[in-house]
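K.L.:
Just passing along the structure, written as structure tokens.
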Amino acid sequence: VYGGGKPGVHGLWPQTGRYGTSSCVGPRDSTATGWLDVPKCFDDPTRQPSEVLSFVNHEWKKHGLCSGARSQREYFDQVCRLAGPPTARINPRKQLSEIGEELANQGMPVWCLDDGRDRRGRRKMEVHLSACATQGVAGDLEWRLVEQSRFGEECAR
């Protein structure tokens, strides 16, 4: 939640390189080079459509390319599927600690809470959830929300 706005999704970030030990698994469909429309879960009426589209393309280039998804569309479909339940349960008028506690009590794998300011100085309240990838039936990685303590038994290696 940024600037007191509605709950939304920021992204799905495989922890690769200096951020963690995940492998970078590139997409099988490398023909798509740009996102043509804004995925529904990224839609934000408080921002210009071109700004949102730029952000979506940034997320694909910075994070989606290592996600193991077959394509951009599959990556963002997975992001929106994962983000739907938690964002629907967030009441932005509550304190971040209350939000995190409520989500955890509802079985969401809350990894950390980040209450601060973004680069533009807007207040941000972020709930980071842990997710891991498993091998899908088509051979692509499928992401799901899982407590970090269960990664070893529930995630692809």
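Identifiers for the structure tokens are assigned positionally: chains receive A, B, ... in sequence, residues are indexed from 1 per chain, and ligands are indexed from 1 in the order shown.
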Quick one: residues within 8 Å of segment 42-48 of chain A, only C-alpha atoms counted, chain neighbours fewer than 4 positions away excluded, as an mmCIF file with C-alpha atoms, in the first residue's frame?

P.N.:
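What ended up in result_26.cif:
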data_model
loop_
_atom_site.group_PDB
_atom_site.id
_atom_site.type_symbol
_atom_site.label_atom_id
_atom_site.label_comp_id
_atom_site.auth_asym_id
_atom_site.auth_seq_id
_atom_site.Cartn_x
_atom_site.Cartn_y
_atom_site.Cartn_z
ATOM 1 C CA GLY A 8 -1.834 -3.801 -4.704
ATOM 2 C CA VAL A 9 0.920 -6.060 -5.865
ATOM 3 C CA HIS A 10 4.531 -5.078 -6.370
ATOM 4 C CA VAL A 38 -1.326 -3.976 -17.837
ATOM 5 C CA VAL A 52 2.145 1.481 -14.747
ATOM 6 C CA VAL A 56 5.277 -3.809 -15.384
#

K.L.:
Could you pull the residues within 12 Å of Asn57 of chain A, counting only C-alpha atoms, minus those fewer than 3 positions along the same chain, as an NGL selection string?

P.N.:
:A and (11 or 32-39 or 42 or 50-54 or 60-65 or 72-73 or 75-76)

K.L.:
Can you tell me, as a PyMOL selection string, which residues in segment 32-116 of chain A count as alpha helix (DSSP H) by DSSP?

P.N.:
chain A and resi 49-62+72-89+96-105

K.L.:
Neighbouring residues of Glu102 of chain A were defined as those with any atom within 9 Å, considering only C-alpha atoms; residues of the same chain fewer than 6 positions away were excluded. Please report them as a list in words.

P.N.:
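My reading of the contact set: Arg89, Ile90 and Met108 of chain A.
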
K.L.:
For N, CA and C atoms, I'd like the residues from the last selection saved as a compact mmCIF listing (two decimals), in the first residue's frame.

P.N.:
# COMPACT_ATOMS: atom_id res chain seq x y z
N ARG A 89 -7.57 -9.25 1.40
CA ARG A 89 -7.76 -9.30 2.86
C ARG A 89 -7.16 -8.10 3.58
N ILE A 90 -6.47 -7.23 2.88
CA ILE A 90 -5.78 -6.12 3.53
C ILE A 90 -6.71 -4.92 3.68
N MET A 108 -1.32 -17.07 5.68
CA MET A 108 -0.42 -16.48 4.68
C MET A 108 1.01 -16.52 5.22

K.L.:
Apply DSSP to the structure's backbone, then extract all residues of chain A labelled strand (DSSP E) and return them as an MDAnalysis selection string.

P.N.:
chainID A and resid 110:117 123:129 131:135 141:145

K.L.:
For the atom pair atom CA of Ile99 of chain A and atom CA of Ala83 of chain A, what is the interatomic distance in Å to one decimal place?

P.N.:
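Going from atom CA of Ile99 of chain A over to atom CA of Ala83 of chain A covers 14.7 Å.
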